[in-house]
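Trainee: Quick one: structure below, then a few questions.
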Amino acid sequence: MTESIPQTLRAGWEVPAFERQMWQGKTHDYCVVIPVINEGERIRNLLARMAAINVASYADIIIVDGGSRDGSLELEALKQLQVSGLLLKTGPGKLSSQLRCGYAFALDQGYEGIVTIDGNDKDDPDAIPQFIAALKDGVDFVQASRFVKGGVAENTPASRDFAIRFIHAPMLSVFSGFKWTDTTQGFRAYSRKMLLDARIAPFRDIFSTYELLAYLSYRAPKLGFRCLEIATVRRYPKGEVPTKISAIRGNWSVLSILFAACFGKYN
């Protein structure tokens with residue numbers, strides 16, 4: 001039976017304003033939340049790949065749009081690609097704000113667990129059933145990894161590969177007490193229990209850009225939640241880096257957030 005959200009807890013959530021542009025109802029216990037902004041053909045390709053393996057037969061697909069202006073989220077096309085919901089974030093913030101919108105909506109609908117996959121078509125959705133199986137088995141936080149045995153990292157920019165392997169993942173491993181190998185990508189899954197824990201408290205305005213990803217990788221293991229990495233495939237297209245993180249300012253921001261998370265700023 002789905003755990004209800006205590007009214008006192010729900011009243012304290014800080015969730016950016018968003019509009020429900022499409023909602024076809026909850027049909028499964030698990031959902032896939034996809035944050036996007038101006039992903040063009042990339043989100044269409046990802047949704048087509050998900051439709052080809054019939055993800056909608058066991059999980060509802062919910063897109064959280066950060067304000068796309070490229071026409072990639074036409075409602076009838078989304079319905080044909082088996083998307084259940086489209087939320088448009090109208091409040092402030094970037095990725096973490098989109099995730100707070102999506103997670104709050106999913107928890108309000110009663111989902112037992114949430115899988116998140118980036119909308120830029122770098123990740124292979126074939127792994128989604130493994131994420132859901134792990135959640136059903138009692139895992140609270142499932143992280144995709146291209147670096148564990150069986151994982152594939154294709155065309156990863158050298159600077160990013162170095163930063164993940166030798167800075168980001170090692171630092172989060174030391175401070176969280178769980179050995180992470182791939183901590184910057186958003187292909188993850190969380191249990192309802194973990195997201196509703198008042199000690200985690202993910203629905204706070206301090207989570208606006210990339211803070212939520214680093215914070216949960218640090219905080220969840222520290223609090224004793226069950227964590228697991230699953231081997232996945234992450235492919236960057238040749239000659240192109242589909243990312244919203246700028247080369248200098250964006251990467252510096254990610255490292256600043258990493259240090260803040262590890263030293264408890266977001267606790």
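By order of appearance in the structure tokens: chains A, B, ..., then residues from 1 within every chain, and ligands from 1 in the order shown.
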Applying 9 Å and only C-alpha atoms, which residues near region 2-5 of chain A remain after dropping the ones on its own chain fewer than 4 positions away? List them as a PyMOL selection string.

Mentor: chain A and resi 9-10+29+107-108+110-112+192-193+196

Trainee: I want to know what sits within 8 Å of region 250-265 of chain A, based on only C-alpha atoms, with residues of the same chain fewer than 6 positions away left out; could you give that as number ranges by chain?

Mentor: A: 168, 171-172, 175-176, 210-211, 214-215, 218

Trainee: Write to file, as an mmCIF file, in the first residue's frame, the residues of the selection just made, with N, CA, C and O atoms.

Mentor:
```cif
data_model
loop_
_atom_site.group_PDB
_atom_site.id
_atom_site.type_symbol
_atom_site.label_atom_id
_atom_site.label_comp_id
_atom_site.auth_asym_id
_atom_site.auth_seq_id
_atom_site.Cartn_x
_atom_site.Cartn_y
_atom_site.Cartn_z
ATOM 1 N N HIS A 168 35.227 13.885 -8.982
ATOM 2 C CA HIS A 168 33.838 13.892 -8.525
ATOM 3 C C HIS A 168 33.446 12.599 -7.815
ATOM 4 O O HIS A 168 33.015 12.625 -6.647
ATOM 5 N N MET A 171 35.606 11.799 -4.549
ATOM 6 C CA MET A 171 35.305 12.670 -3.422
ATOM 7 C C MET A 171 33.965 12.300 -2.786
ATOM 8 O O MET A 171 33.845 12.208 -1.554
ATOM 9 N N LEU A 172 32.951 12.065 -3.620
ATOM 10 C CA LEU A 172 31.664 11.658 -3.069
ATOM 11 C C LEU A 172 31.749 10.290 -2.390
ATOM 12 O O LEU A 172 31.073 10.047 -1.389
ATOM 13 N N PHE A 175 33.357 10.919 1.155
ATOM 14 C CA PHE A 175 32.521 11.655 2.100
ATOM 15 C C PHE A 175 31.189 10.969 2.390
ATOM 16 O O PHE A 175 30.617 11.171 3.462
ATOM 17 N N SER A 176 30.701 10.161 1.446
ATOM 18 C CA SER A 176 29.401 9.504 1.666
ATOM 19 C C SER A 176 29.537 8.128 2.302
ATOM 20 O O SER A 176 28.599 7.626 2.911
ATOM 21 N N TYR A 210 22.455 22.110 -10.273
ATOM 22 C CA TYR A 210 22.897 20.705 -10.215
ATOM 23 C C TYR A 210 23.086 20.213 -8.781
ATOM 24 O O TYR A 210 23.627 19.134 -8.554
ATOM 25 N N GLU A 211 22.597 21.012 -7.810
ATOM 26 C CA GLU A 211 22.845 20.681 -6.402
ATOM 27 C C GLU A 211 22.212 19.360 -5.979
ATOM 28 O O GLU A 211 22.800 18.598 -5.210
ATOM 29 N N ALA A 214 24.308 16.000 -6.657
ATOM 30 C CA ALA A 214 25.455 15.775 -5.772
ATOM 31 C C ALA A 214 24.999 15.537 -4.339
ATOM 32 O O ALA A 214 25.519 14.656 -3.639
ATOM 33 N N TYR A 215 24.008 16.306 -3.907
ATOM 34 C CA TYR A 215 23.520 16.184 -2.525
ATOM 35 C C TYR A 215 22.986 14.783 -2.242
ATOM 36 O O TYR A 215 23.327 14.171 -1.220
ATOM 37 N N TYR A 218 25.597 12.147 -1.864
ATOM 38 C CA TYR A 218 26.292 12.260 -0.582
ATOM 39 C C TYR A 218 25.396 11.850 0.582
ATOM 40 O O TYR A 218 25.790 11.059 1.448
#
```

Trainee: Between region 109-177 of chain A and region 56-61 of chain A, at 10 Å or less, what are the per-residue closest atom pairs and their distances in Å? Count only C-alpha atoms, order by chain and rising residue number, and return it as JSON lines.

Mentor:
```
{"residue": "A:Tyr111", "atom": "CA", "partner": "A:Asp60", "partner_atom": "CA", "distance": 9.5}
{"residue": "A:Gly113", "atom": "CA", "partner": "A:Ala59", "partner_atom": "CA", "distance": 9.8}
{"residue": "A:Ile114", "atom": "CA", "partner": "A:Ala59", "partner_atom": "CA", "distance": 9.2}
{"residue": "A:Val115", "atom": "CA", "partner": "A:Ala59", "partner_atom": "CA", "distance": 9.1}
{"residue": "A:Thr116", "atom": "CA", "partner": "A:Ile61", "partner_atom": "CA", "distance": 9.8}
{"residue": "A:Ile128", "atom": "CA", "partner": "A:Ala59", "partner_atom": "CA", "distance": 9.2}
{"residue": "A:Pro129", "atom": "CA", "partner": "A:Tyr58", "partner_atom": "CA", "distance": 8.4}
{"residue": "A:Ile132", "atom": "CA", "partner": "A:Ala59", "partner_atom": "CA", "distance": 8.7}
```

Trainee: Please, which residues of region 28-264 of chain A, numbered as in this document, come out strand (DSSP E) from DSSP, as number ranges by chain?

Mentor: A: 30-36, 60-65, 85-89, 113-116, 141-145, 152-154, 188-191, 227-231, 233-235

Trainee: List every residue of region 9-179 of chain A that DSSP, applied to the backbone of this structure, assigns to alpha helix (DSSP H), and report them as a PyMOL selection string.

Mentor: chain A and resi 9-11+41-52+75-80+95-109+128-136+158-163+169-176

Trainee: From the set A:Arg188, A:His28, A:Arg44, A:Arg49, which residue has the shortest atom-to-atom contact distance to Gln130 (chain A), counting only C-alpha atoms?

Mentor: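 Ranking A:Arg188, A:His28, A:Arg44, A:Arg49 by distance to Gln130 (chain A), first place goes to A:Arg188.
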
Trainee: List the neighbours of Val64 (chain A) out to 12 Å using only C-alpha atoms; skip same-chain residues closer than 3 positions along the sequence, and give me the result as number ranges by chain.

Mentor: A: 16-23, 32-38, 43, 61, 67-68, 73, 83-90, 94-106, 116-119

Trainee: Do you know which residues are at most 9 Å from Gln82 (chain A) counting only C-alpha atoms, after dropping those on the same chain fewer than 3 positions away, and could you put them as a list in words?

Mentor: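 The residues satisfying every condition are Leu47, Met50, Ala51, Asn54, Val55, Ala56, Asp60, Ile61, Ala77, Leu78 and Lys79 of chain A.
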
Trainee: Go ahead and compute the interatomic distance for CA of Ser72 (chain A) and CA of Gln143 (chain A), in Å to one decimal.

Mentor: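 CA of Gln143 (chain A) lies 27.5 Å from CA of Ser72 (chain A).
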